[in-house]
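Data block for start_17.csv (CSV, C-alpha atoms and all ligand atoms):
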chain,number,residue,atom,x,y,z
A,230,MET,CA,46.1,51.7,-125.4
A,231,ALA,CA,45.8,55.1,-123.7
A,232,TRP,CA,43.8,57.7,-125.6
A,233,THR,CA,45.6,61.1,-125.5
A,234,ALA,CA,45.1,64.5,-127.0
A,235,SER,CA,47.3,63.5,-129.9
A,236,ASP,CA,44.4,61.1,-130.9
A,237,ILE,CA,42.0,63.9,-131.5
A,238,PRO,CA,41.0,63.8,-135.2
A,239,ASP,CA,41.5,66.9,-137.4
A,240,GLN,CA,38.9,69.5,-136.3
A,241,SER,CA,39.3,71.9,-139.2
A,242,GLY,CA,35.9,73.3,-140.3
A,243,ARG,CA,34.3,72.5,-136.9
A,244,LEU,CA,32.9,75.2,-134.6
A,245,ALA,CA,33.1,74.5,-130.8
A,246,LEU,CA,31.6,76.5,-128.0
A,247,VAL,CA,33.3,75.7,-124.6
A,248,THR,CA,31.6,77.1,-121.5
A,249,GLY,CA,33.9,78.1,-118.6
A,250,ALA,CA,36.9,78.3,-120.9
A,251,SER,CA,38.7,80.8,-118.8
A,252,SER,CA,40.4,78.3,-116.6
A,253,GLY,CA,41.0,74.6,-115.7
A,254,LEU,CA,39.3,71.9,-117.9
A,255,GLY,CA,37.5,74.4,-120.1
A,256,LEU,CA,40.8,76.2,-121.0
A,257,GLU,CA,42.5,72.8,-121.7
A,258,THR,CA,39.6,71.6,-123.8
A,259,ALA,CA,39.7,74.8,-125.8
A,260,ARG,CA,43.5,74.5,-126.2
A,261,ALA,CA,43.3,71.0,-127.5
A,262,LEU,CA,40.4,71.7,-129.9
A,263,ALA,CA,42.0,74.9,-131.3
A,264,SER,CA,45.4,73.1,-131.7
A,265,HIS,CA,43.5,70.5,-133.9
A,266,GLY,CA,42.1,73.2,-136.1
A,267,ALA,CA,38.6,73.9,-134.7
A,268,THR,CA,37.2,77.4,-134.4
A,269,VAL,CA,36.7,77.7,-130.7
A,270,VAL,CA,34.4,80.1,-129.0
A,271,LEU,CA,35.2,80.8,-125.3
A,272,GLY,CA,32.0,81.2,-123.4
A,273,CYS,CA,32.9,83.1,-120.3
A,274,ARG,CA,31.4,85.4,-117.7
A,275,SER,CA,34.4,87.7,-117.5
A,276,ARG,CA,35.5,89.4,-120.7
A,277,ALA,CA,39.0,90.1,-119.1
A,278,ARG,CA,39.6,86.4,-118.1
A,279,ALA,CA,38.3,85.3,-121.6
A,280,GLU,CA,40.7,87.7,-123.3
A,281,ALA,CA,43.6,86.4,-121.1
A,282,ALA,CA,42.6,82.8,-122.1
A,283,ARG,CA,42.5,83.7,-125.8
A,284,GLN,CA,46.0,85.3,-125.6
A,285,GLU,CA,47.3,82.1,-123.8
A,286,LEU,CA,45.7,79.8,-126.5
A,287,LEU,CA,46.6,81.7,-129.6
A,288,PRO,CA,50.3,80.6,-130.0
A,289,THR,CA,49.2,76.9,-130.4
A,290,ALA,CA,45.9,77.5,-132.1
A,291,HIS,CA,45.4,76.3,-135.7
A,292,GLY,CA,41.9,77.9,-135.9
A,293,PRO,CA,40.4,81.2,-134.8
A,294,ILE,CA,39.5,81.8,-131.1
A,295,ASP,CA,36.4,84.0,-130.5
A,296,LEU,CA,34.9,85.2,-127.3
A,297,LEU,CA,31.3,85.1,-126.1
A,298,ASP,CA,29.9,86.8,-123.0
A,299,LEU,CA,28.1,84.1,-121.1
A,300,ASP,CA,27.0,84.1,-117.5
A,301,LEU,CA,25.3,80.8,-116.8
A,302,ALA,CA,23.9,82.2,-113.5
A,303,ASP,CA,21.8,84.6,-115.5
A,304,LEU,CA,19.3,83.1,-117.9
A,305,GLU,CA,19.0,86.4,-119.8
A,306,SER,CA,22.7,86.3,-120.4
A,307,VAL,CA,22.3,82.6,-121.6
A,308,HIS,CA,19.6,83.6,-124.1
A,309,ARG,CA,21.6,86.6,-125.3
A,310,ALA,CA,24.6,84.3,-125.8
A,311,ALA,CA,22.6,81.8,-127.8
A,312,ALA,CA,21.1,84.6,-130.0
A,313,GLU,CA,24.6,85.9,-130.6
A,314,MET,CA,25.8,82.4,-131.7
A,315,ALA,CA,22.9,82.2,-134.1
A,316,GLU,CA,23.6,85.7,-135.5
A,317,ARG,CA,27.4,85.3,-135.8
A,318,TYR,CA,27.7,81.7,-137.0
A,319,GLY,CA,24.3,80.2,-137.6
A,320,ARG,CA,25.7,76.7,-136.9
A,321,LEU,CA,27.5,74.8,-134.1
A,322,ASP,CA,29.3,71.4,-134.2
A,323,LEU,CA,30.4,71.0,-130.6
A,324,LEU,CA,28.9,72.3,-127.4
A,325,ILE,CA,30.9,71.6,-124.3
A,326,ASN,CA,28.9,72.2,-121.2
A,327,ASN,CA,31.9,72.5,-118.9
A,328,ALA,CA,31.5,75.6,-116.6
A,329,GLY,CA,30.8,74.9,-112.9
A,330,VAL,CA,30.9,76.1,-109.4
A,331,MET,CA,31.5,73.8,-106.4
A,332,ALA,CA,30.1,73.9,-102.9
A,333,PRO,CA,29.8,77.6,-102.1
A,334,PRO,CA,27.6,78.8,-99.2
A,335,ARG,CA,24.0,79.2,-100.3
A,336,ARG,CA,23.8,81.8,-103.0
A,337,LEU,CA,21.3,82.5,-105.8
A,338,THR,CA,21.5,83.1,-109.5
A,339,ARG,CA,20.1,86.3,-111.0
A,340,GLN,CA,16.7,84.6,-111.4
A,341,GLY,CA,16.7,83.3,-107.8
A,342,PHE,CA,17.8,79.7,-108.3
A,343,GLU,CA,20.3,78.0,-105.9
A,344,LEU,CA,23.7,78.9,-107.5
A,345,GLN,CA,25.0,75.3,-108.2
A,346,PHE,CA,21.7,73.9,-109.5
A,347,GLY,CA,21.2,77.2,-111.5
A,348,THR,CA,24.7,77.4,-113.0
A,349,ASN,CA,25.8,73.8,-113.4
A,350,HIS,CA,22.5,72.4,-114.5
A,351,LEU,CA,19.8,75.0,-115.4
A,352,GLY,CA,22.1,77.4,-117.2
A,353,HIS,CA,23.4,74.6,-119.4
A,354,PHE,CA,19.9,73.1,-119.9
A,355,ALA,CA,18.7,76.5,-121.2
A,356,LEU,CA,21.8,77.0,-123.3
A,357,THR,CA,21.6,73.6,-124.9
A,358,SER,CA,17.9,74.0,-125.6
A,359,ALA,CA,18.5,77.3,-127.3
A,360,LEU,CA,21.4,76.1,-129.4
A,361,LEU,CA,19.8,72.8,-130.6
A,362,PRO,CA,18.6,74.5,-133.9
A,363,LEU,CA,22.2,75.4,-134.6
A,364,LEU,CA,23.5,71.9,-133.8
A,365,ARG,CA,20.8,70.4,-136.0
A,366,ARG,CA,22.3,72.1,-139.0
A,367,ARG,CA,25.6,70.2,-138.6
A,368,PRO,CA,25.8,66.5,-139.3
A,369,GLY,CA,27.5,64.6,-136.4
A,370,ALA,CA,27.2,67.6,-134.0
A,371,ARG,CA,27.9,66.7,-130.3
A,372,VAL,CA,26.9,68.0,-126.9
A,373,VAL,CA,29.2,67.0,-124.1
A,374,THR,CA,28.1,67.8,-120.5
A,375,VAL,CA,30.7,67.7,-117.8
A,376,THR,CA,29.7,65.9,-114.6
A,377,SER,CA,31.7,64.6,-111.6
A,378,GLY,CA,32.3,61.6,-109.5
A,379,ALA,CA,30.0,63.5,-107.0
A,380,GLN,CA,27.1,62.2,-109.1
A,381,TYR,CA,27.4,58.9,-107.3
A,382,PHE,CA,26.5,60.6,-104.0
A,383,GLY,CA,23.9,62.8,-105.5
A,384,ARG,CA,20.1,62.7,-105.1
A,385,LEU,CA,17.6,64.8,-107.1
A,386,ASP,CA,15.5,66.2,-104.3
A,387,PHE,CA,12.4,67.2,-106.2
A,388,ASP,CA,10.7,68.5,-103.0
A,389,ASP,CA,13.5,71.0,-102.4
A,390,LEU,CA,15.6,71.3,-105.5
A,391,GLN,CA,16.7,74.8,-104.5
A,392,GLY,CA,17.8,73.9,-101.0
A,393,GLU,CA,15.3,76.3,-99.5
A,394,ARG,CA,14.3,74.1,-96.6
A,395,GLY,CA,17.8,72.8,-95.9
A,396,TYR,CA,21.0,73.7,-97.7
A,397,ASP,CA,24.0,71.4,-97.6
A,398,ARG,CA,26.6,72.8,-100.0
A,399,TRP,CA,28.1,69.4,-100.9
A,400,LYS,CA,24.7,67.8,-101.4
A,401,ALA,CA,23.7,70.6,-103.6
A,402,TYR,CA,26.9,70.1,-105.7
A,403,ALA,CA,26.3,66.4,-106.0
A,404,GLN,CA,22.7,67.0,-107.0
A,405,SER,CA,23.8,69.5,-109.7
A,406,LYS,CA,26.4,67.0,-111.1
A,407,LEU,CA,23.8,64.1,-111.0
A,408,ALA,CA,21.5,66.5,-112.9
A,409,ASN,CA,24.3,67.0,-115.5
A,410,VAL,CA,24.6,63.3,-116.3
A,411,ALA,CA,20.8,62.8,-116.1
A,412,PHE,CA,20.3,65.7,-118.6
A,413,ALA,CA,22.9,64.3,-121.0
A,414,LEU,CA,21.2,60.9,-121.1
A,415,GLU,CA,17.7,62.3,-121.4
A,416,LEU,CA,18.8,64.6,-124.2
A,417,GLN,CA,20.2,61.5,-126.0
A,418,GLN,CA,16.8,59.7,-125.5
A,419,ARG,CA,14.9,62.6,-127.0
A,420,LEU,CA,17.3,62.8,-129.9
A,421,ASN,CA,16.9,59.0,-130.5
A,422,ALA,CA,13.1,59.5,-130.5
A,423,GLU,CA,13.5,62.2,-133.2
A,424,SER,CA,15.7,60.0,-135.3
A,425,VAL,CA,13.0,57.3,-135.4
A,426,ALA,CA,10.7,59.9,-136.9
A,427,GLY,CA,13.0,61.3,-139.5
A,428,GLU,CA,16.0,60.9,-141.8
A,429,PRO,CA,19.5,61.2,-140.5
A,430,GLY,CA,21.8,64.0,-141.7
A,431,GLU,CA,24.9,63.2,-143.9
A,432,SER,CA,27.0,61.9,-140.9
A,433,GLY,CA,24.2,61.1,-138.5
A,434,TRP,CA,22.3,62.7,-135.7
A,435,ILE,CA,23.4,65.0,-132.8
A,436,LEU,CA,25.1,63.0,-130.1
A,437,SER,CA,24.8,63.8,-126.4
A,438,LEU,CA,27.5,62.5,-124.1
A,439,ALA,CA,28.8,63.0,-120.5
A,440,ALA,CA,32.3,63.0,-119.1
A,441,HIS,CA,33.9,63.5,-115.7
A,442,PRO,CA,37.6,64.4,-115.1
A,443,GLY,CA,38.3,62.5,-111.9
A,444,LEU,CA,40.4,64.7,-109.7
A,445,ALA,CA,42.1,67.6,-111.6
A,446,ARG,CA,44.1,70.5,-110.3
A,447,THR,CA,42.1,73.6,-111.3
A,448,ASN,CA,40.6,76.7,-109.7
A,449,LEU,CA,37.6,74.7,-108.6
A,450,GLN,CA,39.0,73.6,-105.2
A,451,PRO,CA,40.7,76.9,-104.2
A,452,ASP,CA,37.6,78.9,-105.3
A,453,SER,CA,35.4,76.6,-103.3
A,454,VAL,CA,37.6,77.0,-100.2
A,455,ALA,CA,37.7,80.8,-100.7
A,456,ALA,CA,33.9,81.1,-101.0
A,457,SER,CA,33.2,78.8,-98.0
A,458,GLY,CA,36.1,79.6,-95.7
A,459,ALA,CA,36.4,75.8,-95.0
A,460,ARG,CA,40.0,75.6,-93.8
A,461,PHE,CA,39.6,71.9,-93.1
A,462,GLU,CA,38.9,71.3,-96.7
A,463,ALA,CA,41.9,73.3,-97.7
A,464,LEU,CA,44.0,71.0,-95.6
A,465,ALA,CA,42.3,67.9,-97.1
A,466,TYR,CA,43.1,69.2,-100.6
A,467,ARG,CA,46.7,69.6,-99.7
A,468,LEU,CA,46.9,66.1,-98.3
A,469,MET,CA,45.2,64.7,-101.4
A,470,ASP,CA,47.3,66.6,-103.8
A,471,PRO,CA,49.3,63.6,-105.0
A,472,LEU,CA,46.0,62.1,-106.2
A,473,PHE,CA,45.2,65.1,-108.4
A,474,GLN,CA,46.1,65.0,-112.0
A,475,SER,CA,46.8,68.0,-114.3
A,476,ALA,CA,44.0,70.0,-115.8
A,477,ALA,CA,45.1,68.7,-119.3
A,478,MET,CA,44.7,65.1,-118.1
A,479,GLY,CA,41.4,65.9,-116.5
A,480,ALA,CA,40.1,67.3,-119.8
A,481,LEU,CA,40.8,64.1,-121.7
A,482,PRO,CA,37.5,62.4,-121.0
A,483,GLN,CA,35.5,65.4,-122.3
A,484,LEU,CA,37.8,65.6,-125.3
A,485,PHE,CA,37.3,61.9,-126.0
A,486,ALA,CA,33.5,62.4,-125.8
A,487,ALA,CA,33.7,65.4,-128.0
A,488,THR,CA,35.9,64.0,-130.8
A,489,ALA,CA,36.6,60.3,-130.7
A,490,PRO,CA,34.9,58.5,-133.5
A,491,GLU,CA,34.3,55.5,-131.2
A,492,ALA,CA,32.5,57.5,-128.5
A,493,GLU,CA,28.9,56.2,-128.1
A,494,PRO,CA,25.7,58.2,-128.2
A,495,GLY,CA,24.7,58.6,-124.5
A,496,GLY,CA,28.2,57.5,-123.5
A,497,HIS,CA,29.8,58.5,-120.2
A,498,TYR,CA,33.6,58.7,-120.0
A,499,GLY,CA,36.0,59.3,-117.1
A,500,PRO,CA,39.5,58.3,-116.1
A,501,ASN,CA,40.4,54.6,-116.0
A,502,GLN,CA,42.6,54.4,-112.8
A,503,TRP,CA,42.2,54.7,-109.0
A,504,GLY,CA,38.4,54.1,-109.1
A,505,GLY,CA,38.0,56.8,-111.7
A,506,MET,CA,40.1,59.5,-109.9
A,507,ARG,CA,42.9,59.6,-112.5
A,508,GLY,CA,44.1,58.1,-115.7
A,509,TRP,CA,43.1,58.0,-119.3
A,510,PRO,CA,39.5,58.1,-120.8
A,511,THR,CA,37.4,55.0,-120.7
A,512,ALA,CA,33.6,54.3,-120.5
A,513,VAL,CA,32.6,54.6,-116.8
A,514,ARG,CA,29.5,53.7,-114.8
A,515,ILE,CA,26.6,56.1,-114.5
A,516,ALA,CA,24.9,56.9,-111.2
A,517,PRO,CA,21.8,54.6,-110.9
A,518,ALA,CA,19.5,57.6,-110.4
A,519,ALA,CA,20.5,59.0,-113.8
A,520,LEU,CA,19.6,55.6,-115.4
A,521,ASP,CA,16.1,55.9,-114.0
A,522,PRO,CA,13.9,57.3,-116.9
A,523,GLY,CA,11.3,58.5,-114.4
A,524,GLN,CA,13.8,60.7,-112.6
A,525,ARG,CA,15.3,62.0,-115.9
A,526,GLN,CA,12.0,62.9,-117.4
A,527,ARG,CA,10.9,64.6,-114.2
A,528,LEU,CA,14.1,66.6,-114.1
A,529,TRP,CA,13.6,67.6,-117.8
A,530,GLN,CA,10.0,68.7,-117.1
A,531,VAL,CA,10.9,70.7,-114.0
A,532,SER,CA,13.9,72.3,-115.8
A,533,GLU,CA,11.7,73.4,-118.7
A,534,GLU,CA,9.1,74.9,-116.3
A,535,LEU,CA,11.8,76.7,-114.3
A,536,VAL,CA,13.4,78.2,-117.4
A,537,ALA,CA,10.0,79.1,-118.9
A,538,GLN,CA,8.9,80.8,-115.7
A,539,THR,CA,11.7,83.3,-115.9
A,540,LEU,CA,11.9,84.0,-119.6
A,541,PRO,CA,9.6,83.6,-122.6
A,542,THR,CA,10.8,80.7,-124.7
A,543,ARG,CA,13.0,81.9,-127.4
A,544,HIS,CA,14.6,79.9,-130.2
A,545,CYS,CA,17.5,80.7,-132.4
A,546,PRO,CA,16.3,81.5,-135.9
A,601,LIG,N1,38.6,69.8,-111.1
A,601,LIG,C1,38.1,68.7,-110.7
A,601,LIG,O1,38.7,67.9,-110.0
A,601,LIG,C2,36.7,68.4,-111.1
A,601,LIG,C3,36.1,67.2,-110.6
A,601,LIG,C4,34.9,66.8,-111.0
A,601,LIG,C5,34.1,67.7,-111.9
A,601,LIG,N2,34.7,68.8,-112.3
A,601,LIG,C6,33.8,69.7,-113.2
A,601,LIG,O2,34.7,70.2,-114.2
A,601,LIG,C7,34.1,71.4,-114.7
A,601,LIG,C8,35.2,72.5,-114.9
A,601,LIG,O3,35.7,72.8,-113.6
A,601,LIG,P1,37.2,73.1,-113.4
A,601,LIG,O4,37.7,72.0,-112.5
A,601,LIG,O5,37.9,73.4,-114.6
A,601,LIG,O6,37.1,74.4,-112.5
A,601,LIG,P2,37.6,75.9,-112.7
A,601,LIG,O7,39.1,76.0,-113.0
A,601,LIG,O8,37.1,76.6,-111.5
A,601,LIG,O9,36.8,76.4,-114.0
A,601,LIG,C9,35.4,76.6,-113.9
A,601,LIG,C10,35.0,77.5,-115.0
A,601,LIG,O10,33.6,77.7,-114.9
A,601,LIG,C11,33.4,79.1,-115.0
A,601,LIG,N3,32.1,79.6,-114.4
A,601,LIG,C12,31.8,79.5,-113.1
A,601,LIG,N4,30.6,80.1,-112.9
A,601,LIG,C13,30.2,80.5,-114.2
A,601,LIG,C14,29.0,81.2,-114.6
A,601,LIG,N5,28.1,81.6,-113.8
A,601,LIG,N6,29.0,81.5,-116.0
A,601,LIG,C15,30.0,81.2,-116.8
A,601,LIG,N7,31.1,80.5,-116.4
A,601,LIG,C16,31.2,80.2,-115.1
A,601,LIG,C17,34.6,79.7,-114.4
A,601,LIG,O11,34.7,81.1,-114.8
A,601,LIG,P3,35.7,82.1,-114.0
A,601,LIG,O12,37.0,82.0,-114.5
A,601,LIG,O13,35.0,83.4,-114.3
A,601,LIG,O14,35.6,81.8,-112.5
A,601,LIG,C18,35.7,78.9,-115.0
A,601,LIG,O15,36.0,79.2,-116.3
A,601,LIG,C19,33.0,71.8,-113.7
A,601,LIG,O16,31.7,71.5,-114.2
A,601,LIG,C20,33.3,70.9,-112.5
A,601,LIG,O17,32.1,70.6,-111.8
A,601,LIG,C21,35.9,69.2,-111.9

Output the file's structure in the form of structure tokens.
Amino acid sequence: MAWTASDIPDQSGRLALVTGASSGLGLETARALASHGATVVLGCRSRARAEAARQELLPTAHGPIDLLDLDLADLESVHRAAAEMAERYGRLDLLINNAGVMAPPRRLTRQGFELQFGTNHLGHFALTSALLPLLRRRPGARVVTVTSGAQYFGRLDFDDLQGERGYDRWKAYAQSKLANVAFALELQQRLNAESVAGEPGESGWILSLAAHPGLARTNLQPDSVAASGARFEALAYRLMDPLFQSAAMGALPQLFAATAPEAEPGGHYGPNQWGGMRGWPTAVRIAPAALDPGQRQRLWQVSEELVAQTLPTRHCP
């Protein structure tokens, strides 16, 4: 039977941070969690867009909606946001690593990383690492990282992760989305290793999962076209429009990963129809490169080094 937002269990008492909650899938994820009673923190780079999202969500929310300034393209902002979460709440039940940018011309983050690798992967890697102490305080906490069908075309180019020697904006997007799923799986592996060493909390350990939306009508495509000026792509999106589903449908796999009791640790969920382009959440295949422990561990190590290079390691109290 199709899993829909009405299957989300009661979220009262749970605290969720959704990155990129100002539009698209993040906004719909925040809406569904808040309407099921969660306290939802909208992690956004624009205070004005975050406030507009809060006003839109309030009428159907059954829990508070808070705002958090968070620019994933600036690791200082990421660390400030994690410190703010620690100070304000001291705990976290759900982290939805959702924010993303797609296929812009080559641009850099504040610390000089290629924008897509920096925002989609490194920013979330740093955020999750800094928030783990807060997640550890909550039994059954979950981290959901949003990837894309682009992972299947991706390659982790360890010789040129930042596209310095050659930049192809679609290859860079696919690499960042492959990094998202590889990170989610590697995090689960590391959490499993911890669980062998210790005692589980009341309701178990932190789970790490990944999800992709298929094709969903959001700001991702128009923003990508506006940044690149690729008029051919604008035409392609218009022709493909019937294939695209609503943002609310696209958000279901990440909501399933975040809340369904039957979601598996290290699970990867996406739509069940049209080769994963649309439909209801189901377990979907993972790109082979993300299943390779060598690639995942290397990505983790490089990511740790890149984050450490730019900022001293700081942990939440
Ligand atoms: N839509 C699809 O068909 C599709 C397909 C596959 C995967 N995805 C993935 O789904 C996720 C959500 O995308 P969407 O489709 O919902 O697109 P969207 O409507 O463009 O939303 C993207 C969100 O990310 C935020 N964001 C971008 N850069 C950021 C930064 N530096 N710091 C903080 N937030 C930032 C945006 O904030 P602003 O409002 O400030 O721009 C916005 O809230 C992405 O990870 C994307 O790769 C989407």

### Task
Collect all residues with atoms no farther than 7 Å from ligand LIG 601 (chain A), counting all atoms listed in the file, and output them as a VMD selection string.
chain A and resid 248 to 255 272 to 275 278 299 to 302 327 to 331 348 to 349 375 to 378 406 441 to 449 452

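Considering the residues A:Arg507, A:Arg243, A:Pro494, A:Pro451 and counting all atoms listed in the file, A:Ala463 has its shortest atom-to-atom contact with A:Pro451.
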
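The protein and nucleic acid residues lying at most 8 Å from A:Leu246 are Val269, Val270, Leu271, Gly272, Leu321, Leu323, Leu324 and Ile325 of chain A, with all atoms listed in the file considered and sequence neighbours fewer than 6 positions away removed.
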
Taking (41.2, 62.6, -125.0) in the file's coordinates as the center, which residues reach within 6 Å of it, counting all atoms listed in the file, put as a CSV table (one decimal) with C-alpha atoms, in the frame of the given file?
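Below is the file that was written, point_30.csv:
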chain,number,residue,atom,x,y,z
A,232,TRP,CA,43.8,57.7,-125.6
A,233,THR,CA,45.6,61.1,-125.5
A,234,ALA,CA,45.1,64.5,-127.0
A,481,LEU,CA,40.8,64.1,-121.7
A,482,PRO,CA,37.5,62.4,-121.0
A,484,LEU,CA,37.8,65.6,-125.3
A,485,PHE,CA,37.3,61.9,-126.0

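Taking atom CA of A:Pro510 and atom CA of A:Ala261 as the two end points, the separation is 15.0 Å.
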
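Rounded to one decimal, atom CA of A:Val373 and atom CA of A:Trp509 lie 17.2 Å from each other.
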
### Residue among A:Glu316, A:Asp322, A:Glu415, A:Glu305 lying closest to A:Leu244, counting all atoms listed in the file
A:Asp322

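Put simply, atom CA of A:Arg371 is 6.4 Å away from atom CA of A:Ala487.
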
### Task
List every protein, DNA or RNA residue that has an atom no more than 8 Å from (42.6, 76.7, -137.8) in the file's coordinate frame, counting all atoms listed in the file, and report them as a list in words.
Ser241, Gly242, Ala263, Ser264, His265, Gly266, Ala267, Thr268, Ala290, His291, Gly292 and Pro293 of chain A

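Among the candidates A:Arg309, A:Arg317, A:Arg336, A:Arg260, the one nearest to A:Glu393 when counting all atoms listed in the file is A:Arg336.
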
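Residues in contact with A:Gly319 at 12 Å, where all atoms listed in the file are counted and same-chain residues fewer than 2 positions away are skipped, are listed as Leu244, Ala311, Ala312, Glu313, Met314, Ala315, Glu316, Arg317, Leu321, Asp322, Leu360, Leu361, Pro362, Leu363, Leu364, Arg365, Arg366, Arg367, Cys545 and Pro546 of chain A.
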
What does the file look like for those residues with C-alpha atoms, as a CSV table (one decimal), in the frame of the given file?
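Ended up saving to selection-v3.csv:
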chain,number,residue,atom,x,y,z
A,244,LEU,CA,32.9,75.2,-134.6
A,311,ALA,CA,22.6,81.8,-127.8
A,312,ALA,CA,21.1,84.6,-130.0
A,313,GLU,CA,24.6,85.9,-130.6
A,314,MET,CA,25.8,82.4,-131.7
A,315,ALA,CA,22.9,82.2,-134.1
A,316,GLU,CA,23.6,85.7,-135.5
A,317,ARG,CA,27.4,85.3,-135.8
A,321,LEU,CA,27.5,74.8,-134.1
A,322,ASP,CA,29.3,71.4,-134.2
A,360,LEU,CA,21.4,76.1,-129.4
A,361,LEU,CA,19.8,72.8,-130.6
A,362,PRO,CA,18.6,74.5,-133.9
A,363,LEU,CA,22.2,75.4,-134.6
A,364,LEU,CA,23.5,71.9,-133.8
A,365,ARG,CA,20.8,70.4,-136.0
A,366,ARG,CA,22.3,72.1,-139.0
A,367,ARG,CA,25.6,70.2,-138.6
A,545,CYS,CA,17.5,80.7,-132.4
A,546,PRO,CA,16.3,81.5,-135.9

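The closest residue to A:Gln474, picked from A:Gly458, A:Pro490, A:Gly505, A:Gly395 and counting only C-alpha atoms, is A:Gly505.
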
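Between A:Leu286 and the residues A:His308, A:Glu257, A:Asp386, A:Ala519, the shortest atom-to-atom distance, using all atoms listed in the file, involves A:Glu257.
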
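Candidate residues A:Ala439, A:His350, A:Gly392, A:Lys400 were compared for distance to A:Ile515, and the nearest is A:Ala439, using only C-alpha atoms.
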